[in-house]
$ cat run-v2.tsv   # TSV, C-alpha atoms
chain	number	residue	atom	x	y	z
A	1	MET	CA	8.05	-37.03	-2.09
A	2	LEU	CA	5.19	-34.53	-2.29
A	3	ILE	CA	3.91	-32.58	0.69
A	4	THR	CA	0.55	-30.88	0.25
A	5	CYS	CA	0.90	-27.45	1.84
A	6	PRO	CA	-2.46	-26.24	3.22
A	7	TYR	CA	-1.84	-22.90	1.48
A	8	CYS	CA	0.18	-23.68	-1.67
A	9	GLY	CA	-1.05	-27.18	-2.56
A	10	PRO	CA	1.13	-30.17	-3.50
A	11	ARG	CA	4.82	-29.23	-3.75
A	12	ASP	CA	8.03	-31.18	-4.11
A	13	VAL	CA	9.97	-31.93	-0.93
A	14	ILE	CA	12.83	-29.77	-2.25
A	15	GLU	CA	10.74	-26.68	-1.29
A	16	TYR	CA	10.54	-27.79	2.35
A	17	THR	CA	12.95	-27.75	5.27
A	18	TYR	CA	12.73	-30.36	8.00
A	19	GLN	CA	12.44	-28.64	11.37
A	20	GLY	CA	12.64	-31.72	13.55
A	21	ASP	CA	10.61	-34.14	15.58
A	22	GLY	CA	7.08	-32.89	16.28
A	23	ASN	CA	6.73	-34.88	19.50
A	24	ARG	CA	9.17	-32.84	21.55
A	25	GLU	CA	7.89	-30.91	24.58
A	26	ARG	CA	10.18	-27.97	25.27
A	27	PRO	CA	10.60	-27.45	29.03
A	28	ASP	CA	9.93	-24.04	30.52
A	29	PRO	CA	12.95	-21.85	29.61
A	30	ALA	CA	13.51	-21.21	33.34
A	31	SER	CA	13.44	-24.90	34.14
A	32	GLN	CA	16.53	-26.46	35.74
A	33	ASN	CA	15.18	-29.98	35.31
A	34	PHE	CA	18.17	-31.43	33.46
A	35	GLU	CA	16.40	-34.71	32.74
A	36	ALA	CA	13.60	-32.84	30.99
A	37	TRP	CA	16.14	-30.82	28.96
A	38	ASN	CA	18.10	-33.96	28.14
A	39	ALA	CA	14.90	-35.65	26.95
A	40	TYR	CA	14.00	-32.58	24.86
A	41	VAL	CA	17.39	-32.48	23.17
A	42	TYR	CA	18.22	-36.16	22.75
A	43	ASP	CA	15.29	-38.55	23.28
A	44	ARG	CA	13.49	-39.56	20.10
A	45	LEU	CA	10.81	-42.17	19.49
A	46	ASN	CA	12.33	-43.25	16.15
A	47	PRO	CA	9.18	-45.12	15.08
A	48	ALA	CA	8.95	-47.49	12.10
A	49	GLY	CA	5.68	-46.00	10.88
A	50	ASP	CA	3.74	-42.76	11.35
A	51	HIS	CA	5.85	-39.96	12.80
A	52	ASN	CA	4.86	-36.43	13.89
A	53	GLU	CA	7.18	-33.91	12.27
A	54	ILE	CA	7.58	-30.15	11.87
A	55	TRP	CA	8.39	-28.93	8.37
A	56	GLN	CA	8.71	-25.41	7.01
A	57	HIS	CA	7.60	-24.54	3.50
A	58	SER	CA	10.77	-22.49	3.19
A	59	GLY	CA	10.62	-22.35	-0.61
A	60	GLY	CA	6.99	-21.28	-0.71
A	61	CYS	CA	4.67	-19.59	1.77
A	62	ARG	CA	7.24	-20.11	4.58
A	63	ALA	CA	4.58	-21.45	6.95
A	64	HIS	CA	5.54	-24.01	9.58
A	65	LEU	CA	3.59	-27.23	9.23
A	66	ARG	CA	2.73	-30.23	11.37
A	67	VAL	CA	3.21	-33.26	9.14
A	68	VAL	CA	2.56	-36.93	9.84
A	69	ARG	CA	4.94	-38.95	7.66
A	70	ASN	CA	5.34	-42.70	7.55
A	71	THR	CA	9.03	-43.42	8.00
A	72	LEU	CA	8.74	-46.73	6.10
A	73	THR	CA	6.78	-45.58	3.04
A	74	HIS	CA	7.22	-41.76	3.10
A	75	GLU	CA	3.44	-41.55	2.83
A	76	ILE	CA	2.19	-38.20	4.20
A	77	SER	CA	-1.09	-38.81	6.00
A	78	SER	CA	-1.71	-35.34	7.43
A	79	VAL	CA	-0.49	-31.76	6.98
A	80	ALA	CA	-1.69	-28.77	9.01
A	81	PHE	CA	-0.45	-25.30	9.93
A	82	ALA	CA	1.66	-25.38	13.10
A	83	SER	CA	0.58	-21.82	14.00
A	84	GLY	CA	-1.71	-21.63	17.01
A	85	ASP	CA	-0.01	-24.76	18.25
A	86	HIS	CA	0.83	-24.70	21.95
A	87	HIS	CA	4.47	-25.52	21.12
A	88	ALA	CA	5.16	-22.29	19.24
A	89	PRO	CA	5.06	-19.62	22.01
A	90	ALA	CA	7.06	-21.80	24.40
A	91	ALA	CA	9.80	-22.26	21.82
A	92	ARG	CA	10.30	-18.53	21.41
A	93	ARG	CA	12.79	-16.86	23.74
A	94	LYS	CA	11.82	-13.45	25.09
A	95	ALA	CA	14.38	-10.63	24.87
A	96	GLU	CA	14.54	-10.25	28.66
A	97	ASP	CA	15.29	-13.95	29.27
A	98	LYS	CA	18.90	-14.71	30.17
A	99	PRO	CA	20.47	-17.41	28.00
B	1	MET	CA	13.76	11.41	-8.43
B	2	VAL	CA	16.91	9.56	-9.40
B	3	GLU	CA	16.29	6.93	-12.08
B	4	ARG	CA	16.52	3.42	-10.70
B	5	GLN	CA	19.07	1.27	-12.50
B	6	SER	CA	18.10	-2.17	-13.67
B	7	PRO	CA	20.18	-5.09	-12.41
B	8	LEU	CA	19.52	-6.79	-15.78
B	9	GLU	CA	21.26	-3.99	-17.72
B	10	PRO	CA	24.44	-5.82	-18.90
B	11	GLU	CA	22.41	-8.84	-20.03
B	12	PHE	CA	19.33	-7.04	-21.32
B	13	HIS	CA	19.58	-7.21	-25.12
B	14	VAL	CA	16.50	-5.89	-26.94
B	15	GLY	CA	15.59	-7.89	-30.04
B	16	SER	CA	14.90	-11.45	-31.18
B	17	HIS	CA	17.13	-14.27	-30.01
B	18	GLY	CA	17.47	-18.02	-30.13
B	19	ASN	CA	15.58	-20.23	-32.51
B	20	PHE	CA	13.16	-17.62	-33.89
B	21	GLU	CA	13.23	-18.53	-37.63
B	22	HIS	CA	9.72	-20.02	-37.23
B	23	GLY	CA	8.43	-17.17	-35.12
B	24	VAL	CA	8.94	-15.73	-31.68
B	25	GLU	CA	7.01	-17.68	-29.04
B	26	ILE	CA	8.23	-15.89	-25.90
B	27	LEU	CA	8.31	-12.21	-25.03
B	28	LEU	CA	10.56	-11.20	-22.14
B	29	THR	CA	10.56	-7.79	-20.54
B	30	GLU	CA	11.24	-6.05	-17.27
B	31	THR	CA	8.10	-4.33	-16.01
B	32	ARG	CA	9.94	-1.97	-13.64
B	33	PRO	CA	7.07	-1.20	-11.25
B	34	GLY	CA	7.54	2.00	-9.25
B	35	SER	CA	6.42	0.26	-6.05
B	36	ILE	CA	6.56	-3.30	-4.78
B	37	VAL	CA	5.16	-3.73	-1.29
B	38	GLN	CA	4.64	-6.75	0.91
B	39	LEU	CA	1.82	-6.67	3.46
B	40	ALA	CA	1.33	-9.05	6.36
B	41	ALA	CA	-1.69	-9.21	8.67
B	42	TRP	CA	-1.51	-10.25	12.29
B	43	PRO	CA	-3.54	-13.41	12.94
B	44	GLY	CA	-7.24	-12.55	12.81
B	45	GLU	CA	-6.68	-9.18	11.07
B	46	GLU	CA	-6.68	-10.53	7.51
B	47	LYS	CA	-10.08	-9.08	6.56
B	48	LYS	CA	-9.04	-5.57	7.69
B	49	LEU	CA	-5.86	-5.83	5.64
B	50	ILE	CA	-7.81	-6.95	2.57
B	51	ALA	CA	-10.12	-3.94	3.12
B	52	ALA	CA	-7.06	-1.65	3.33
B	53	ILE	CA	-5.77	-3.09	0.03
B	54	ARG	CA	-9.12	-2.27	-1.54
B	55	THR	CA	-9.05	1.28	-0.14
B	56	VAL	CA	-5.54	2.01	-1.39
B	57	THR	CA	-5.54	0.18	-4.75
B	58	GLY	CA	-9.22	-0.20	-5.59
B	59	LEU	CA	-8.60	-3.93	-6.12
B	60	ALA	CA	-10.96	-6.37	-4.37
B	61	LEU	CA	-9.02	-9.53	-3.57
B	62	PRO	CA	-10.87	-12.78	-4.30
B	63	ASP	CA	-11.16	-15.37	-1.54
B	64	GLY	CA	-8.80	-18.30	-1.35
B	65	ALA	CA	-5.13	-19.15	-1.08
B	66	GLY	CA	-3.00	-17.43	-3.70
B	67	GLY	CA	-5.94	-15.36	-4.96
B	68	GLY	CA	-5.16	-12.10	-6.71
B	69	LEU	CA	-5.92	-9.75	-9.55
B	70	SER	CA	-4.37	-7.07	-11.71
B	71	ASN	CA	-5.80	-4.09	-13.56
B	72	GLY	CA	-2.70	-3.59	-15.68
B	73	VAL	CA	-1.43	-0.74	-13.49
B	74	LYS	CA	-1.76	-2.18	-10.00
B	75	SER	CA	-1.45	-5.86	-9.07
B	76	VAL	CA	-2.07	-7.76	-5.87
B	77	PHE	CA	-1.89	-11.43	-4.90
B	78	GLY	CA	-1.63	-13.58	-1.80
B	79	PHE	CA	1.61	-15.51	-1.43
B	80	ALA	CA	1.27	-16.90	2.12
B	81	PRO	CA	-1.42	-17.04	4.80
B	82	GLY	CA	-2.33	-13.41	5.59
B	83	LYS	CA	0.45	-12.05	3.38
B	84	PHE	CA	0.16	-10.18	0.11
B	85	THR	CA	2.38	-8.64	-2.56
B	86	VAL	CA	1.19	-5.41	-4.16
B	87	ALA	CA	2.86	-3.73	-7.13
B	88	ASP	CA	2.09	-0.40	-8.75
B	89	GLU	CA	3.49	1.32	-11.84
B	90	THR	CA	3.96	4.50	-9.83
B	91	GLU	CA	5.95	5.15	-6.67
B	92	GLY	CA	4.52	5.92	-3.26
B	93	LEU	CA	2.58	2.72	-2.54
B	94	ALA	CA	4.42	2.08	0.74
B	95	GLU	CA	3.55	5.55	2.05
B	96	ALA	CA	-0.11	5.06	1.11
B	97	PHE	CA	-0.23	1.68	2.86
B	98	ALA	CA	1.60	2.96	5.93
B	99	LYS	CA	-1.41	5.23	6.50
B	100	ALA	CA	-4.06	2.57	5.81
B	101	VAL	CA	-2.42	-0.41	7.55
B	102	THR	CA	-2.24	0.56	11.21
B	103	PRO	CA	0.18	-1.24	13.56
B	104	ALA	CA	-2.84	-3.09	14.99
B	105	ILE	CA	-3.65	-4.60	11.57
B	106	GLY	CA	-0.24	-5.68	10.31
B	107	THR	CA	3.00	-4.66	8.67
B	108	VAL	CA	4.10	-2.95	5.45
B	109	THR	CA	7.46	-3.77	3.88
B	110	ASP	CA	8.69	-1.70	0.94
B	111	LEU	CA	10.48	-4.02	-1.50
B	112	SER	CA	10.57	-1.63	-4.45
B	113	HIS	CA	14.38	-1.74	-4.52
B	114	GLY	CA	14.63	-5.34	-3.36
B	115	ARG	CA	12.78	-7.18	-6.11
B	116	THR	CA	13.02	-7.21	-9.88
B	117	ALA	CA	9.85	-7.85	-11.85
B	118	ILE	CA	10.22	-9.85	-15.06
B	119	ARG	CA	7.34	-10.48	-17.43
B	120	ILE	CA	7.24	-13.59	-19.58
B	121	ALA	CA	4.49	-13.80	-22.18
B	122	GLY	CA	3.65	-15.79	-25.27
B	123	PRO	CA	2.25	-19.18	-26.28
B	124	LYS	CA	5.24	-21.04	-24.80
B	125	ALA	CA	5.36	-19.14	-21.46
B	126	GLU	CA	3.91	-22.09	-19.53
B	127	TRP	CA	6.34	-24.44	-21.27
B	128	VAL	CA	9.41	-22.37	-20.39
B	129	LEU	CA	8.34	-21.73	-16.78
B	130	ALA	CA	7.59	-25.44	-16.28
B	131	LYS	CA	11.32	-26.04	-16.87
B	132	PHE	CA	12.09	-23.84	-13.86
B	133	PHE	CA	9.37	-24.45	-11.31
B	134	ALA	CA	7.73	-27.69	-10.14
B	135	ILE	CA	4.22	-26.25	-10.01
B	136	ASP	CA	1.16	-26.65	-12.23
B	137	PHE	CA	0.99	-23.77	-14.72
B	138	ALA	CA	-2.17	-25.01	-16.48
B	139	LEU	CA	-4.91	-22.36	-16.53
B	140	PRO	CA	-7.44	-24.32	-14.39
B	141	ALA	CA	-4.81	-24.90	-11.66
B	142	PHE	CA	-3.27	-21.42	-11.92
B	143	PRO	CA	-6.02	-18.96	-12.90
B	144	VAL	CA	-5.44	-15.41	-14.19
B	145	GLY	CA	-4.62	-13.03	-11.33
B	146	ALA	CA	-3.51	-15.79	-8.94
B	147	GLY	CA	-0.09	-15.80	-7.29
B	148	ARG	CA	2.32	-18.56	-6.30
B	149	SER	CA	5.48	-18.64	-4.17
B	150	THR	CA	8.08	-21.14	-5.21
B	151	VAL	CA	11.81	-21.51	-5.81
B	152	HIS	CA	14.17	-22.14	-8.70
B	153	HIS	CA	17.04	-23.79	-6.90
B	154	ASP	CA	17.58	-21.24	-4.14
B	155	VAL	CA	16.17	-18.28	-6.03
B	156	PHE	CA	12.88	-17.54	-4.34
B	157	ALA	CA	10.25	-16.40	-6.82
B	158	GLN	CA	6.75	-15.03	-6.59
B	159	ILE	CA	4.75	-15.56	-9.74
B	160	GLN	CA	1.51	-13.87	-10.71
B	161	ARG	CA	-0.44	-14.89	-13.78
B	162	THR	CA	-1.49	-11.61	-15.40
B	163	GLY	CA	-2.93	-13.13	-18.60
B	164	SER	CA	-3.78	-16.52	-20.04
B	165	ASP	CA	-0.25	-16.71	-21.46
B	166	GLN	CA	1.48	-14.02	-19.39
B	167	PHE	CA	3.24	-14.24	-16.03
B	168	ASP	CA	4.96	-11.63	-13.83
B	169	LEU	CA	7.89	-12.97	-11.81
B	170	TYR	CA	9.23	-11.19	-8.74
B	171	VAL	CA	12.76	-12.32	-7.87
B	172	PHE	CA	15.41	-10.98	-5.52
B	173	ARG	CA	17.21	-8.09	-7.17
B	174	SER	CA	20.60	-9.59	-6.31
B	175	PHE	CA	19.72	-12.83	-8.13
B	176	ALA	CA	17.79	-11.15	-10.94
B	177	ARG	CA	20.57	-11.01	-13.54
B	178	SER	CA	21.52	-14.66	-13.27
B	179	PHE	CA	17.86	-15.63	-13.21
B	180	TRP	CA	17.28	-13.51	-16.31
B	181	LYS	CA	20.17	-15.22	-18.10
B	182	ALA	CA	18.74	-18.62	-17.20
B	183	LEU	CA	15.32	-17.52	-18.46
B	184	CYS	CA	16.86	-16.39	-21.76
B	185	HIS	CA	18.71	-19.71	-22.15
B	186	ALA	CA	15.50	-21.64	-21.41
B	187	SER	CA	13.62	-19.57	-24.02
B	188	GLU	CA	16.20	-20.05	-26.79
B	189	GLU	CA	14.69	-23.28	-28.12
B	190	VAL	CA	11.33	-21.64	-28.88
B	191	GLY	CA	12.65	-18.25	-29.98
B	192	TYR	CA	12.28	-15.19	-27.76
B	193	GLU	CA	12.15	-11.46	-28.07
B	194	VAL	CA	13.33	-9.03	-25.43
B	195	GLN	CA	11.32	-5.80	-25.35

$ encode --input "run-v2.tsv" --output "structure tokens"
Amino acid sequence: MLITCPYCGPRDVIEYTYQGDGNRERPDPASQNFEAWNAYVYDRLNPAGDHNEIWQHSGGCRAHLRVVRNTLTHEISSVAFASGDHHAPAARRKAEDKP
Amino acid sequence: MVERQSPLEPEFHVGSHGNFEHGVEILLTETRPGSIVQLAAWPGEEKKLIAAIRTVTGLALPDGAGGGLSNGVKSVFGFAPGKFTVADETEGLAEAFAKAVTPAIGTVTDLSHGRTAIRIAGPKAEWVLAKFFAIDFALPAFPVGAGRSTVHHDVFAQIQRTGSDQFDLYVFRSFARSFWKALCHASEEVGYEVQ
């Protein structure tokens, strides 16, 4: 399987690390909505077809990427940088936040 | 200044090796740059960082992903969005960049002791490297001066093409000796000379 990194060009899947489902919405870190946290941790769409995913080009430019992969054919229909994405800042824990 | 020891030392055997009866087709050497520095720009500050690279090294980076150039003494190439590797034969590059790259522009990381630079040259350089890395080494796809980040198994490598048949490889110092041994083994079939 080849993933075309927007920076490095087409590279073998061995250079990439799967970072999980790209559809997840992380709740506010202060949220006590257990259903929302449960959904974030466990609920997956598991589609037979196009799937939004986050991959990291860990063996290359190390950028995080939004990838649309077909789970039936492994065809990659879209790759874009994940930076600037609204998911990224929410997923980062600030030093002053209590665990 | 204390002389820096090479991690390749026990496996660095000057001379011709392998199948060289019909000529040596690979030259291997350690370039031992005095400075290896990695620069990263904050988002939106890339142009200022590229200007700082020009001020410090005199090298004007070409546009585009993985673009780079070398004047034989100093080398620079992009290896990730907004990130660049700069090498210089002399020491002191990190100090020079620390003045030019302000905290508002980005970061400077001195890797002079953290990376080992290996040069592979010769008519079979592309052939030998293609055994290691799943990237296109053909000249139109990988022009002179350009840089690439890739891996050989888990050994992360940054590669800059510094000639039509010459490449400079930057690998982790701690992996450098085993990588060097693998490079020597891979070069045996075409005959190689260590200089």

$ interface_residues --input "run-v2.tsv" --of "chain A" --to "chain B" --cutoff "10 Å" --atoms "all atoms listed in the file" --output "PyMOL selection string"
chain A and resi 6-12+14-15+57-63+81+83-84

$ residues_around --input "run-v2.tsv" --residues "stretch 11-13 of chain B" --least-positions-apart "3" --cutoff "10 Å" --atoms "all atoms listed in the file" --output "ChimeraX atom specification"
/B:6-8,16-17,28-30,177-178,180-181,184,193-195

$ closest_residue --input "run-v2.tsv" --among "B:Asn19, B:Thr107, B:Ser75, B:Ser70" --to "B:Leu49" --atoms "only C-alpha atoms"
B:Thr107

$ residues_around --input "run-v2.tsv" --residues "B:Arg115" --least-positions-apart "5" --cutoff "9 Å" --atoms "only C-alpha atoms" --output "VMD selection string"
chain B and resid 36 170 to 174 176

$ residues_near_point --input "run-v2.tsv" --point "(11.2, -25.2, 29.7)" --cutoff "10 Å" --atoms "only C-alpha atoms" --output "ChimeraX atom specification"
/A:25-33,36-37,40,90-91

$ atom_distance --input "run-v2.tsv" --atom1 "atom CA of B:Phe77" --atom2 "atom CA of B:Glu126"
19.0 Å

$ closest_residue --input "run-v2.tsv" --among "B:His185, B:Arg161, B:Lys47, B:His113" --to "B:Leu139" --atoms "all atoms listed in the file"
B:Arg161

$ residues_around --input "run-v2.tsv" --residues "A:Leu65" --least-positions-apart "2" --cutoff "6 Å" --atoms "only C-alpha atoms" --output "list in words"
Ile54, Trp55, Gln56, Ala80, Phe81 and Ala82 of chain A

$ atom_distance --input "run-v2.tsv" --atom1 "atom CA of B:Gly34" --atom2 "atom CA of B:Gly15"
24.4 Å

$ residues_around --input "run-v2.tsv" --residues "B:Gly72" --least-positions-apart "2" --cutoff "10 Å" --atoms "all atoms listed in the file" --output "ChimeraX atom specification"
/B:69-70,74-75,88-89,162-163

$ closest_residue --input "run-v2.tsv" --among "B:Ala182, B:Leu39, B:Ile105, B:Ala117" --to "B:Phe132" --atoms "all atoms listed in the file"
B:Ala182

$ closest_residue --input "run-v2.tsv" --among "B:Arg32, B:Phe179, B:Phe167, B:Gly44" --to "B:Pro123" --atoms "only C-alpha atoms"
B:Phe167

$ residues_around --input "run-v2.tsv" --residues "A:Gly22" --least-positions-apart "6" --cutoff "12 Å" --atoms "all atoms listed in the file" --output "list of chain:residue names"
A:Tyr40, A:Arg44, A:Leu45, A:Asn46, A:Asp50, A:His51, A:Asn52, A:Glu53, A:Ile54, A:Trp55, A:His64, A:Leu65, A:Arg66, A:Val67, A:Val68, A:Arg69, A:Ala82, A:Asp85, A:His86, A:His87, A:Ala88
